[in-house]
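Trainee: One structure, pasted below without further comment.
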Amino acid sequence: MDALIMAGGLAQRMGSGEKSCIELNDKPLISYIIGALQDAKGIGKIYVSVTQATPETKKLIEKDYPDLCLIEAAEGSYVGDMIFSIKEAKLIGPVMVVMCDLPLVRADIIDEVLEKYEMCEEPALSVYVPIALCKKIGIRPDTVFHKNTKLIVPTGINILDASDINNEQPDYNYIVDDPRLAMNVNTPEDLEKCRQMLSEGFE
């Protein structure tokens with residue numbers, strides 16, 4: 001399965017430039033998710049969606065990851081840029097869409113999600129963590145959904161059917177109790193929490 005990394009946004013709440021290029025332990029945030037996808041057994045081509053707002057991210061990909069496929073979207077909404085990028089890449093069938101700010105995600109998580117998708121009947125899959133997990137590790141999620149009597153938090157990893165990307169797709173809610181999936185970086189506090197978790201062995 002091919003993968004699309006969404007890397008067209010600014011780190012507004014971080015107060016510093018492009019989110020993809022923010023360094024965590026001397027390594028850009030986007031490098032962590034690229035490494036996870038490259039190491040995953042079930043991932044084929046990797047596409048990176050950038051915008052005019054993220055020129056440094058584009059330069060980073062061109063310099064350090066010349067084998068990846070760059071797509072420049074219109075800098076509209078996240079969903080709009082995702083749809084544009086999938087069409088521009090001429091993708092067909094299922095594609096994994098991930099955000100660039102998931103530095104604790106590793107290949108084993110990616111492959112686990114892919115295996116789960118192969119088992120479900122729905123054309124799409126969305127990955128969540130329980131809100132209790134977020135509270136346990138001391139983070140405040142931006143978005144919380146109430147589904148099937150459970151409070152769950154989206155992780156920024158989804159699988160969609162590229163062939164039907166213009167339409168809303170029934171999705172399987174895959175809930176994973178893994179702290180590495182709960183950590184997406186939106187604030188300086190999130191970045192420091194990730195640094196702490198890496199020092200504690202969350203690899």
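Ligands are numbered from 1 in the order shown, residues from 1 within each chain, and chains are lettered A, B, ... in the order they appear in the structure tokens.
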Range 38-203 of chain A: which residues are strand (DSSP E or B) by DSSP, as an NGL selection string?
Mentor: :A and (46-50 or 69-72 or 94-99 or 124-130 or 145-147 or 150-161 or 171-175)
Trainee: What's around Tyr174 in chain A at 8 Å? Count only C-alpha atoms, leave out sequence neighbours fewer than 5 positions away in its own chain, and write the answer as a ChimeraX atom specification.
Mentor: /A:116,125-128
Trainee: Would you mind reading off the distance between CA of Ser85 in chain A and CA of Tyr32 in chain A, one decimal, in Å?
Mentor: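 Those two atoms sit 21.1 Å apart.
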Trainee: List the spatial neighbours of Pro28 in chain A as a PyMOL selection string - criterion: any atom at most 10 Å away, only C-alpha atoms, same-chain residues fewer than 6 positions off excluded.
Mentor: chain A and resi 19-22+57+60+100-101+103
Trainee: Using only C-alpha atoms, which of the listed residues (A:Ile159, A:Leu70, A:Leu151, A:Val144) sits closest to Val113 in chain A?
Mentor: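 Nearest candidate to Val113 in chain A out of A:Ile159, A:Leu70, A:Leu151, A:Val144: A:Ile159.
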Trainee: If you run DSSP on this backbone, which residues of chain A come out as helix (DSSP H, G or I), and could you give them as an NGL selection string?
Mentor: :A and (19-21 or 29-39 or 55-64 or 78-88 or 107-119 or 131-137 or 162-164 or 179-182 or 188-199)
Trainee: Please identify all polymer residues within 9 Å of Leu104 in chain A, counting only C-alpha atoms, omitting same-chain residues fewer than 3 positions from it, and present them as a list in words.
Mentor: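 So, after excluding close chain neighbours, the residues are Tyr32, Ile33, Pro179, Arg180, Leu181, Ala182, Met183, Asn184, Cys194, Met197, Leu198, Phe202 and Glu203 of chain A.
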